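Dropping structure-v9.txt in here (compact mmCIF, C-alpha atoms and all ligand atoms):
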```txt
# COMPACT_ATOMS: atom_id res chain seq x y z
CA MET A 1 -15.84 62.41 25.60
CA MET A 2 -13.83 60.81 28.38
CA GLY A 3 -15.58 58.75 31.01
CA ARG A 4 -14.17 58.21 34.46
CA VAL A 5 -11.87 55.22 34.74
CA ASN A 6 -13.46 53.27 37.53
CA TYR A 7 -11.20 50.23 37.37
CA ASP A 8 -7.89 49.98 39.16
CA ALA A 9 -6.06 47.29 37.19
CA VAL A 10 -6.02 45.02 34.15
CA LEU A 11 -5.63 41.25 34.29
CA TRP A 12 -4.00 39.67 31.22
CA LEU A 13 -5.42 36.14 31.17
CA SER A 14 -3.82 33.52 28.95
CA PHE A 15 -3.28 29.81 28.38
CA GLY A 16 0.21 29.41 29.86
CA GLY A 17 3.02 27.15 28.70
CA PRO A 18 6.00 25.28 30.12
CA GLU A 19 9.29 27.11 30.70
CA GLY A 20 11.61 24.09 30.99
CA PRO A 21 11.72 20.31 30.36
CA ASP A 22 10.42 19.43 33.83
CA ASP A 23 7.39 21.66 33.38
CA VAL A 24 6.11 19.83 30.30
CA MET A 25 4.26 16.86 31.81
CA PRO A 26 2.69 18.76 34.75
CA PHE A 27 1.61 21.48 32.31
CA LEU A 28 0.03 18.91 29.96
CA GLU A 29 -1.71 17.27 32.91
CA ASN A 30 -3.20 20.64 33.83
CA VAL A 31 -4.40 21.21 30.25
CA THR A 32 -5.98 17.80 29.77
CA ARG A 33 -7.33 16.95 33.24
CA GLY A 34 -10.74 15.33 32.82
CA ARG A 35 -10.81 15.90 29.05
CA GLY A 36 -10.24 12.39 27.72
CA VAL A 37 -7.09 13.14 25.69
CA PRO A 38 -5.46 9.74 24.93
CA PRO A 39 -1.99 9.08 26.45
CA ASP A 40 -0.31 8.66 23.04
CA ARG A 41 -1.57 12.06 21.90
CA LEU A 42 -0.16 13.51 25.14
CA ALA A 43 3.20 11.82 24.61
CA GLU A 44 3.31 13.15 21.06
CA VAL A 45 2.57 16.71 22.19
CA ALA A 46 5.16 16.42 24.99
CA GLU A 47 7.72 15.71 22.26
CA HIS A 48 6.76 18.87 20.40
CA TYR A 49 7.56 20.83 23.56
CA GLN A 50 10.78 18.89 24.26
CA HIS A 51 11.88 19.68 20.71
CA PHE A 52 12.13 23.30 21.94
CA GLY A 53 13.92 22.38 25.18
CA GLY A 54 10.62 22.13 27.04
CA VAL A 55 10.02 25.85 26.62
CA SER A 56 6.93 27.26 24.97
CA PRO A 57 7.39 30.83 23.76
CA ILE A 58 3.89 31.72 24.97
CA ASN A 59 4.80 33.21 28.37
CA ARG A 60 7.59 35.35 26.90
CA LEU A 61 5.26 36.50 24.12
CA ASN A 62 2.56 37.41 26.63
CA ARG A 63 5.10 39.38 28.67
CA GLU A 64 6.16 41.26 25.53
CA ALA A 65 2.55 42.02 24.62
CA ILE A 66 1.88 43.21 28.19
CA ALA A 67 4.91 45.54 28.04
CA ALA A 68 3.51 47.03 24.82
CA VAL A 69 0.09 47.51 26.44
CA GLU A 70 1.72 49.17 29.47
CA ARG A 71 3.47 51.61 27.13
CA GLU A 72 0.22 52.32 25.30
CA LEU A 73 -1.69 52.87 28.56
CA ALA A 74 1.01 55.30 29.73
CA ALA A 75 0.99 57.10 26.37
CA GLN A 76 -2.79 57.54 26.68
CA GLY A 77 -2.51 58.73 30.28
CA LEU A 78 -4.28 55.71 31.78
CA ASP A 79 -2.90 54.69 35.14
CA LEU A 80 -3.71 50.97 35.22
CA PRO A 81 -1.21 48.31 36.29
CA VAL A 82 -1.34 45.11 34.20
CA TYR A 83 -1.20 41.74 35.99
CA PHE A 84 -0.46 38.44 34.22
CA GLY A 85 -2.18 35.14 35.03
CA ASN A 86 -2.61 31.82 33.19
CA ARG A 87 -5.01 28.91 33.14
CA ASN A 88 -2.47 26.09 32.91
CA TRP A 89 0.95 27.29 34.03
CA HIS A 90 2.75 29.79 36.21
CA PRO A 91 1.99 32.54 36.85
CA LEU A 92 -1.32 30.79 37.58
CA VAL A 93 -4.38 33.02 37.59
CA GLU A 94 -5.30 31.97 41.16
CA ASP A 95 -1.94 33.27 42.42
CA THR A 96 -2.19 36.45 40.37
CA VAL A 97 -5.69 37.28 41.59
CA ARG A 98 -4.51 36.71 45.17
CA ARG A 99 -1.68 39.16 44.59
CA MET A 100 -4.11 41.67 43.09
CA ALA A 101 -6.24 41.41 46.23
CA GLU A 102 -3.17 41.90 48.43
CA ASP A 103 -2.27 44.99 46.39
CA GLY A 104 -5.73 46.40 47.12
CA VAL A 105 -7.19 45.95 43.63
CA GLN A 106 -10.99 46.07 43.87
CA ARG A 107 -12.16 46.20 40.24
CA ALA A 108 -10.16 44.98 37.27
CA LEU A 109 -10.76 44.51 33.55
CA VAL A 110 -9.74 41.14 32.14
CA PHE A 111 -8.23 40.73 28.68
CA SER A 112 -8.18 37.06 27.65
CA THR A 113 -5.91 36.17 24.75
CA SER A 114 -8.48 34.88 22.29
CA ALA A 115 -10.48 36.86 19.76
CA TYR A 116 -13.35 34.37 19.58
CA GLY A 117 -16.29 32.81 21.36
CA GLY A 118 -16.65 29.11 22.10
CA TYR A 119 -15.92 26.96 25.12
CA SER A 120 -12.11 26.76 24.84
CA ALA A 121 -11.68 30.29 23.48
CA CYS A 122 -14.07 32.13 25.78
CA ARG A 123 -16.13 30.36 28.39
CA GLN A 124 -13.20 28.38 29.80
CA TYR A 125 -11.56 31.74 30.59
CA ASP A 126 -14.75 32.65 32.50
CA GLU A 127 -14.32 29.42 34.45
CA ASP A 128 -10.72 30.45 35.20
CA ILE A 129 -11.98 33.78 36.59
CA LEU A 130 -14.62 31.98 38.67
CA ARG A 131 -12.07 29.51 40.05
CA ALA A 132 -9.50 32.20 40.83
CA ARG A 133 -12.04 34.39 42.67
CA ALA A 134 -13.28 31.41 44.64
CA ALA A 135 -9.71 30.53 45.61
CA VAL A 136 -9.08 34.06 46.88
CA GLY A 137 -12.42 34.43 48.65
CA GLN A 138 -13.97 37.59 50.15
CA LYS A 139 -11.13 39.91 49.19
CA ALA A 140 -11.15 38.89 45.50
CA PRO A 141 -11.49 41.84 43.10
CA GLN A 142 -14.46 42.24 40.78
CA LEU A 143 -13.25 40.91 37.41
CA VAL A 144 -14.94 42.23 34.26
CA LYS A 145 -13.91 40.46 31.06
CA LEU A 146 -13.49 42.37 27.78
CA ARG A 147 -15.38 41.33 24.66
CA GLN A 148 -14.46 39.13 21.68
CA PHE A 149 -12.55 41.16 19.05
CA PHE A 150 -12.38 38.91 15.93
CA ASP A 151 -13.84 41.68 13.73
CA HIS A 152 -12.25 44.73 15.35
CA PRO A 153 -10.60 46.90 12.66
CA LEU A 154 -7.27 46.96 14.52
CA PHE A 155 -7.18 43.15 14.68
CA VAL A 156 -8.21 42.74 11.04
CA GLU A 157 -5.71 45.37 9.81
CA SER A 158 -2.88 43.86 11.81
CA VAL A 159 -3.57 40.37 10.45
CA ALA A 160 -4.01 41.72 6.90
CA ASP A 161 -0.60 43.43 7.01
CA ALA A 162 1.02 40.23 8.25
CA VAL A 163 -0.59 38.36 5.35
CA ARG A 164 0.79 40.94 2.89
CA ALA A 165 4.27 40.39 4.38
CA ALA A 166 3.86 36.62 3.97
CA TYR A 167 2.94 37.13 0.29
CA GLU A 168 6.20 39.09 -0.13
CA GLN A 169 8.04 36.22 1.49
CA VAL A 170 6.47 33.50 -0.65
CA GLY A 171 7.11 35.60 -3.75
CA ASP A 172 4.01 34.44 -5.62
CA PRO A 173 1.00 36.79 -5.82
CA GLY A 174 -1.08 33.80 -6.92
CA ALA A 175 -0.37 31.82 -3.75
CA ARG A 176 -3.48 30.31 -2.17
CA LEU A 177 -4.50 32.07 1.06
CA VAL A 178 -5.32 29.52 3.76
CA PHE A 179 -6.54 30.57 7.22
CA THR A 180 -6.22 28.25 10.21
CA ALA A 181 -7.64 28.20 13.71
CA HIS A 182 -7.48 25.61 16.50
CA SER A 183 -9.83 22.74 15.79
CA VAL A 184 -12.42 21.86 18.44
CA PRO A 185 -14.86 18.95 18.69
CA THR A 186 -17.74 19.56 16.24
CA ALA A 187 -20.09 19.23 19.23
CA ALA A 188 -18.26 22.05 21.01
CA ASP A 189 -18.53 24.25 17.95
CA ALA A 190 -22.24 23.42 17.61
CA ALA A 191 -22.71 24.42 21.28
CA SER A 192 -20.82 27.68 20.97
CA GLY A 193 -22.72 30.92 21.48
CA PRO A 194 -26.10 31.13 23.20
CA PRO A 195 -28.49 28.42 21.86
CA GLU A 196 -30.92 31.02 20.45
CA GLU A 197 -28.13 32.17 18.11
CA GLY A 198 -28.17 28.76 16.43
CA GLY A 199 -24.73 27.52 17.51
CA HIS A 200 -21.35 27.49 15.76
CA ARG A 201 -20.39 30.94 17.04
CA TYR A 202 -16.71 29.94 17.11
CA SER A 203 -16.42 28.74 13.51
CA ARG A 204 -18.70 31.49 12.21
CA GLN A 205 -16.52 34.16 13.82
CA VAL A 206 -13.36 32.52 12.45
CA VAL A 207 -14.87 32.35 8.94
CA GLU A 208 -15.95 36.00 9.19
CA ALA A 209 -12.55 37.23 10.43
CA ALA A 210 -10.90 35.33 7.56
CA ARG A 211 -13.30 36.89 5.05
CA LEU A 212 -12.56 40.39 6.37
CA VAL A 213 -8.79 39.85 6.09
CA ALA A 214 -9.03 38.21 2.63
CA GLU A 215 -11.12 41.16 1.44
CA ARG A 216 -8.51 43.65 2.68
CA VAL A 217 -5.59 41.90 1.00
CA GLY A 218 -7.60 41.50 -2.21
CA ALA A 219 -7.31 37.71 -2.35
CA ASP A 220 -9.67 36.24 -4.94
CA ALA A 221 -9.91 32.89 -3.20
CA HIS A 222 -9.24 31.71 0.32
CA ASP A 223 -9.92 28.71 2.54
CA VAL A 224 -10.59 28.29 6.24
CA VAL A 225 -9.17 25.09 7.73
CA TRP A 226 -8.25 23.79 11.19
CA GLN A 227 -5.17 22.69 13.08
CA SER A 228 -3.85 21.07 16.27
CA ARG A 229 -6.63 18.51 16.62
CA SER A 230 -6.55 16.72 19.97
CA GLY A 231 -8.86 14.25 21.71
CA PRO A 232 -9.68 10.60 20.96
CA PRO A 233 -9.80 9.71 17.24
CA GLN A 234 -13.44 8.57 17.38
CA VAL A 235 -14.64 12.04 18.43
CA PRO A 236 -15.30 14.27 15.39
CA TRP A 237 -13.45 17.59 15.31
CA LEU A 238 -13.63 20.48 12.83
CA GLU A 239 -11.98 19.53 9.52
CA PRO A 240 -10.12 19.62 7.19
CA ASP A 241 -6.77 19.72 8.94
CA ILE A 242 -4.21 22.11 7.46
CA VAL A 243 -1.77 19.32 6.56
CA ASP A 244 -4.44 17.31 4.69
CA HIS A 245 -5.61 20.50 3.04
CA ILE A 246 -2.12 21.24 1.70
CA GLU A 247 -2.14 17.79 0.09
CA ALA A 248 -5.56 18.45 -1.42
CA LEU A 249 -4.41 21.81 -2.80
CA HIS A 250 -1.39 20.12 -4.31
CA GLY A 251 -3.73 17.66 -5.99
CA ASP A 252 -5.63 20.63 -7.45
CA GLY A 253 -2.42 22.01 -8.93
CA VAL A 254 -1.79 24.78 -6.37
CA SER A 255 1.95 25.43 -6.09
CA ALA A 256 2.20 28.08 -3.34
CA VAL A 257 0.41 28.65 -0.04
CA VAL A 258 0.23 31.58 2.38
CA CYS A 259 -1.01 30.30 5.71
CA CYS A 260 -2.53 32.74 8.21
CA PRO A 261 -3.11 31.45 11.78
CA ILE A 262 -6.03 33.79 12.36
CA GLY A 263 -7.20 31.71 15.33
CA PHE A 264 -4.29 32.80 17.51
CA VAL A 265 -2.83 36.06 18.79
CA SER A 266 0.78 34.91 19.34
CA ASP A 267 3.37 32.66 17.67
CA HIS A 268 3.14 30.06 20.42
CA LEU A 269 3.90 26.37 20.20
CA GLU A 270 0.81 25.31 18.29
CA VAL A 271 1.82 27.82 15.60
CA ILE A 272 5.55 27.13 15.45
CA TRP A 273 5.14 23.35 15.61
CA ASP A 274 1.94 22.57 13.75
CA LEU A 275 2.47 25.19 11.03
CA ASP A 276 6.18 26.03 10.80
CA ASN A 277 7.14 22.36 11.12
CA GLU A 278 4.31 20.05 10.12
CA ALA A 279 2.50 22.14 7.51
CA ALA A 280 5.70 23.67 6.10
CA ASP A 281 7.32 20.20 5.86
CA LYS A 282 4.31 18.82 3.99
CA ALA A 283 4.43 21.72 1.54
CA ALA A 284 8.20 21.24 1.02
CA GLU A 285 7.73 17.51 0.50
CA LEU A 286 5.23 18.28 -2.26
CA GLY A 287 7.45 20.94 -3.78
CA MET A 288 5.06 23.75 -2.87
CA ARG A 289 6.14 27.19 -1.69
CA PHE A 290 4.86 28.05 1.78
CA ALA A 291 4.90 31.08 4.07
CA ARG A 292 3.15 31.57 7.38
CA SER A 293 2.00 35.03 8.46
CA ALA A 294 2.93 36.43 11.87
CA THR A 295 0.31 36.79 14.61
CA PRO A 296 -0.55 40.23 16.08
CA ASN A 297 1.20 39.83 19.47
CA SER A 298 4.06 42.30 18.99
CA ASP A 299 2.32 44.60 16.51
CA PRO A 300 1.75 47.99 18.23
CA ARG A 301 -1.79 47.91 16.82
CA PHE A 302 -2.51 44.94 19.04
CA ALA A 303 -1.60 47.01 22.11
CA ARG A 304 -3.81 49.81 20.76
CA LEU A 305 -6.61 47.31 20.30
CA VAL A 306 -6.37 46.16 23.91
CA VAL A 307 -6.38 49.74 25.19
CA GLU A 308 -9.32 50.55 22.92
CA LEU A 309 -11.28 47.62 24.39
CA ILE A 310 -10.41 48.94 27.85
CA ARG A 311 -11.66 52.40 26.82
CA GLU A 312 -14.93 50.90 25.57
CA GLN A 313 -15.56 49.85 29.17
CA THR A 314 -14.30 53.04 30.77
CA GLY A 315 -16.34 55.36 28.57
CA GLY A 316 -13.84 56.74 26.08
CA ALA A 317 -14.11 54.61 22.96
CA PRO A 318 -16.93 53.64 20.60
CA VAL A 319 -17.50 49.94 19.90
CA ARG A 320 -15.80 49.31 16.56
CA LYS A 321 -16.81 46.18 14.64
CA LEU A 322 -16.56 45.28 10.95
CA SER A 323 -19.24 42.60 10.93
CA THR A 324 -22.77 42.16 12.18
CA LEU A 325 -21.92 38.96 14.08
CA VAL A 326 -22.29 39.26 17.85
CA SER A 327 -19.20 39.79 20.03
CA GLY A 328 -19.81 38.27 23.43
CA GLY A 329 -17.55 37.39 26.31
CA ASP A 330 -17.89 40.68 28.20
CA THR A 331 -19.17 39.39 31.52
CA ALA A 332 -18.46 39.94 35.20
CA ASN A 333 -16.87 37.54 37.69
CA GLY A 334 -16.86 34.51 35.42
CA ALA A 335 -20.57 34.47 34.63
CA PRO A 336 -21.33 32.91 31.23
CA CYS A 337 -22.61 35.36 28.57
CA ALA A 338 -26.06 33.78 28.70
CA THR A 339 -27.70 30.62 29.98
CA ARG A 340 -26.13 27.61 28.23
CA CYS A 341 -23.72 29.81 26.25
CA CYS A 342 -20.68 27.86 24.98
CA GLU A 343 -21.29 24.90 27.23
CA PRO A 344 -18.46 22.39 27.27
CA ALA A 345 -19.14 19.36 25.06
CA ARG A 346 -17.66 16.85 27.48
CA ARG A 347 -18.00 18.04 31.01
CA PRO A 348 -18.01 16.15 34.27
CA ALA A 349 -21.51 15.06 35.29
CA THR A 350 -23.12 17.26 37.92
CA ALA A 351 -26.26 16.79 39.99
CA VAL A 352 -28.15 19.01 37.53
CA ASP A 353 -27.05 16.91 34.54
CA GLN A 354 -28.15 13.72 36.24
CA LYS A 355 -31.62 15.16 36.72
CA GLU A 356 -31.93 16.11 33.02
C1 LIG B 401 -9.90 26.79 20.69
C2 LIG B 401 -8.53 26.56 21.28
C3 LIG B 401 -7.51 27.48 21.39
C4 LIG B 401 -7.55 28.92 20.94
C5 LIG B 401 -8.04 29.83 22.04
C6 LIG B 401 -6.93 30.25 23.02
O1 LIG B 401 -5.86 30.64 22.55
O2 LIG B 401 -7.17 30.15 24.22
C7 LIG B 401 -6.40 26.83 22.02
C8 LIG B 401 -5.18 27.42 22.31
C9 LIG B 401 -4.04 26.79 22.82
N1 LIG B 401 -3.87 25.45 23.02
C10 LIG B 401 -2.61 25.25 23.53
C11 LIG B 401 -2.06 24.02 23.92
C12 LIG B 401 -2.79 22.84 24.04
N2 LIG B 401 -4.12 22.63 23.71
C13 LIG B 401 -4.48 21.33 24.01
C14 LIG B 401 -5.73 20.76 23.85
C15 LIG B 401 -6.89 21.40 23.37
N3 LIG B 401 -6.98 22.68 22.86
C16 LIG B 401 -8.29 22.95 22.50
C17 LIG B 401 -8.78 24.14 21.95
C18 LIG B 401 -8.06 25.33 21.85
N4 LIG B 401 -6.76 25.53 22.28
C19 LIG B 401 -9.06 21.77 22.81
C20 LIG B 401 -10.54 21.65 22.60
C21 LIG B 401 -8.18 20.81 23.33
C22 LIG B 401 -8.52 19.41 23.81
C23 LIG B 401 -8.50 19.34 25.30
C24 LIG B 401 -9.57 20.21 25.88
O3 LIG B 401 -10.78 19.89 25.68
O4 LIG B 401 -9.24 21.20 26.52
C25 LIG B 401 -3.33 20.66 24.54
C26 LIG B 401 -3.32 19.22 25.03
C27 LIG B 401 -2.54 18.32 24.17
C28 LIG B 401 -3.10 18.18 22.78
O5 LIG B 401 -2.88 19.07 21.94
O6 LIG B 401 -3.74 17.16 22.53
C29 LIG B 401 -2.29 21.60 24.54
C30 LIG B 401 -0.86 21.39 24.98
C31 LIG B 401 -1.94 26.52 23.65
C32 LIG B 401 -0.54 26.76 24.24
C33 LIG B 401 0.54 26.63 23.20
C34 LIG B 401 1.88 26.81 23.86
O7 LIG B 401 2.18 26.15 24.85
O8 LIG B 401 2.66 27.63 23.35
C35 LIG B 401 -2.84 27.47 23.21
C36 LIG B 401 -2.64 28.97 23.16
FE FE B 402 -5.32 24.00 22.62
```

Represent the structure contained in this file as structure tokens.
Ligand SMILES: CC1=C(CCC(=O)O)c2cc3nc(cc4[nH]c(cc5[nH]c(cc1n2)c(C)c5CCC(=O)O)c(CCC(=O)O)c4C)C(CCC(=O)O)=C3C
Ligand SMILES: [Fe+2]
Amino acid sequence: MMGRVNYDAVLWLSFGGPEGPDDVMPFLENVTRGRGVPPDRLAEVAEHYQHFGGVSPINRLNREAIAAVERELAAQGLDLPVYFGNRNWHPLVEDTVRRMAEDGVQRALVFSTSAYGGYSACRQYDEDILRARAAVGQKAPQLVKLRQFFDHPLFVESVADAVRAAYEQVGDPGARLVFTAHSVPTAADAASGPPEEGGHRYSRQVVEAARLVAERVGADAHDVVWQSRSGPPQVPWLEPDIVDHIEALHGDGVSAVVCCPIGFVSDHLEVIWDLDNEAADKAAELGMRFARSATPNSDPRFARLVVELIREQTGGAPVRKLSTLVSGGDTANGAPCATRCCEPARRPATAVDQKE
């Protein structure tokens, strides 16, 4: 059964990253504005970027993924242009949504590049949509965001195949399988999902996605740990960190690790620095073998996944999920999924807060 496609474009919404040395500080200022990230943490992260000439691969990777989605849309006979906009760096989502309006786009589906719920992974993208529509005003298109896909079979299969390839690379079928996702403040994780769900939607979805992948590759043991912690040291974030975990595994006699960055969809800077440098260096220092699995970005199944999510909204595809956990995030014009869903842990005080 094919429904009528009543959208006229797709907006690919991502994080953004610098494309040269002079972009690094303004980009980091955009990311951390009002979020209490200490200056020395910022300086340290700036160095990670400068190590790669001030260029994050994320924009190039997004453009490659978009090209694959455009090919898949064409192959499936769907006539939908794909626009690219970011939260923190050019092309900024405000500018992209303005261009969409100028091109006459009235209703677009939004794919945001995170599989999970939570403030940073989901609701902050809703805020981006809200801000971009407000900046454009009356002529702004309706923007309908696609759902979280952490347990979609195409995502799980793609990640599982990448893990199998990493096992080949490490050359030890007994290597410990360790999943990582971006750490967030424990308070943000506790506040993720609608309150009636009991919180922790982000970490529960990450743990579930990891379980689904581990099951498919037939791993008899796996761990879920965190990476890329930011923020002031006194604020608790999800732990353990991948680097500490590698040390702990070494202490337990583990000699080989396959690390799967299941929290991310592309091999961007947090992956190539925090895992391919920091985690890999720690493993080498301890004499452990280490391989990191690729993220889905350039896997054709990822493009098929995106088009399938589009077809869910346009009437052609069933909702495919491998777990019973809720997939949220599918809301219109930047509305949160539900009242108090994924509220930011540290947000600027508003009149409403002061009354509470
Ligand atoms: C959950 C999550 C995802 C996954 C969901 C998604 O993918 O959207 C993600 C992705 C990313 N995070 C990225 C980069 C950064 N994240 C930072 C800081 C933070 N991330 C947070 C969370 C997340 N982040 C949080 C709670 C902070 C603290 C500040 C705040 O409360 O917002 C900082 C500041 C410096 C620092 O690390 O301290 C940077 C530079 C890049 C781009 C990499 C590139 O350039 O290639 C990507 C894809
Ligand atoms: Fe981040």

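If you look at CA of Lys145 in chain A and atom C16 of ligand LIG 401 (chain B), they are 20.3 Å away from each other.
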
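Between ligand FE 402 (chain B) and the residues A:His222, A:His182, A:Arg292, A:Arg304, the shortest atom-to-atom distance, using only C-alpha atoms and all ligand atoms, involves A:His182.
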
Residues near Trp12 in chain A, cut-off 10 Å, only C-alpha atoms, skip fewer than 6 positions along chain, as a ChimeraX atom specification = /A:62-63,65-66,82-86,93,96,109-113,145

List all protein, DNA and RNA residues that have at least one atom no more than 6 Å from any atom of ligand LIG 401 (chain B), counting all atoms listed in the file, and write them as a VMD selection string.
-> chain A and resid 15 17 28 31 to 32 35 41 to 42 45 56 to 58 113 to 114 120 to 121 182 184 230 to 231 264 268 to 270

Test item: residues at most 8 Å from range 336-340 of chain A, all atoms listed in the file, excluding those fewer than 6 positions along its chain, as a ChimeraX atom specification | /A:123,126,194-195,328-330

Can you tell me, as a count of residues only, what residues are no more than 8 Å from Cys342 in chain A when counting only C-alpha atoms, ignoring any on the same chain fewer than 3 positions away?
-> 10

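Shortest separation to ligand FE 402 (chain B) among A:Arg211, A:Arg204, A:His245, A:Arg87 occurs at residue A:Arg87, atoms counted being all atoms listed in the file.
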
Could you build a table of the residues in range 33-78 of chain A lying no more than 9 Å from range 306-324 of chain A, giving for each the nearest pair of atoms and their separation in Å rounded to one decimal place, using only C-alpha atoms, ordered by chain and ascending residue number, as a tab-separated table?
```
residue	atom	partner	partner_atom	distance
A:Val69	CA	A:Val307	CA	7.0
A:Glu72	CA	A:Val307	CA	7.1
A:Leu73	CA	A:Val307	CA	6.6
A:Gln76	CA	A:Val307	CA	8.7
```

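We find CA of Glu196 in chain A and CA of Val326 in chain A to be spaced 12.2 Å apart.
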
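Of the residues listed (A:Asp299, A:Asp8, A:Glu29, A:Glu343), A:Asp299 shows the shortest atom-to-atom separation from Leu61 in chain A; distances use all atoms listed in the file.
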
For each of A:Glu215, A:Asp252, A:Asp281, A:Asp274, take the minimum atom-to-atom distance to ligand FE 402 (chain B), counting all atoms listed in the file, then give the residue where this is smallest.
-> A:Asp274

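Among the candidates A:Ser183, A:Gln205, A:Asn297, A:Ser327, the residue lying nearest to ligand FE 402 (chain B) is A:Ser183 (atoms considered: all atoms listed in the file).
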
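The closest residue to Val24 in chain A, picked from A:Val55, A:Ala9, A:Met100, A:Leu305 and counting all atoms listed in the file, is A:Val55.
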
Please identify all polymer residues within 12 Å of Val105 in chain A, counting only C-alpha atoms, omitting same-chain residues fewer than 6 positions from it, and present them as JSON, numbers by chain.
-> {"A": [6, 7, 8, 9, 10, 11, 80, 81, 82, 83, 96, 97, 98, 99, 139, 140, 141, 142, 143]}

Atom pair CA of Ile242 in chain A + CA of Gly16 in chain A, distance 24.0 Å

Any idea what's packed within 12 Å of Asn277 in chain A, counting only C-alpha atoms, ignoring anything in its chain fewer than 6 positions away? Could you give it as a list in words?
-> His48, His51, Phe52, Ile242, Val243, Leu269, Glu270, Val271, Ala283, Ala284, Glu285, Phe290, Ala291 and Arg292 of chain A
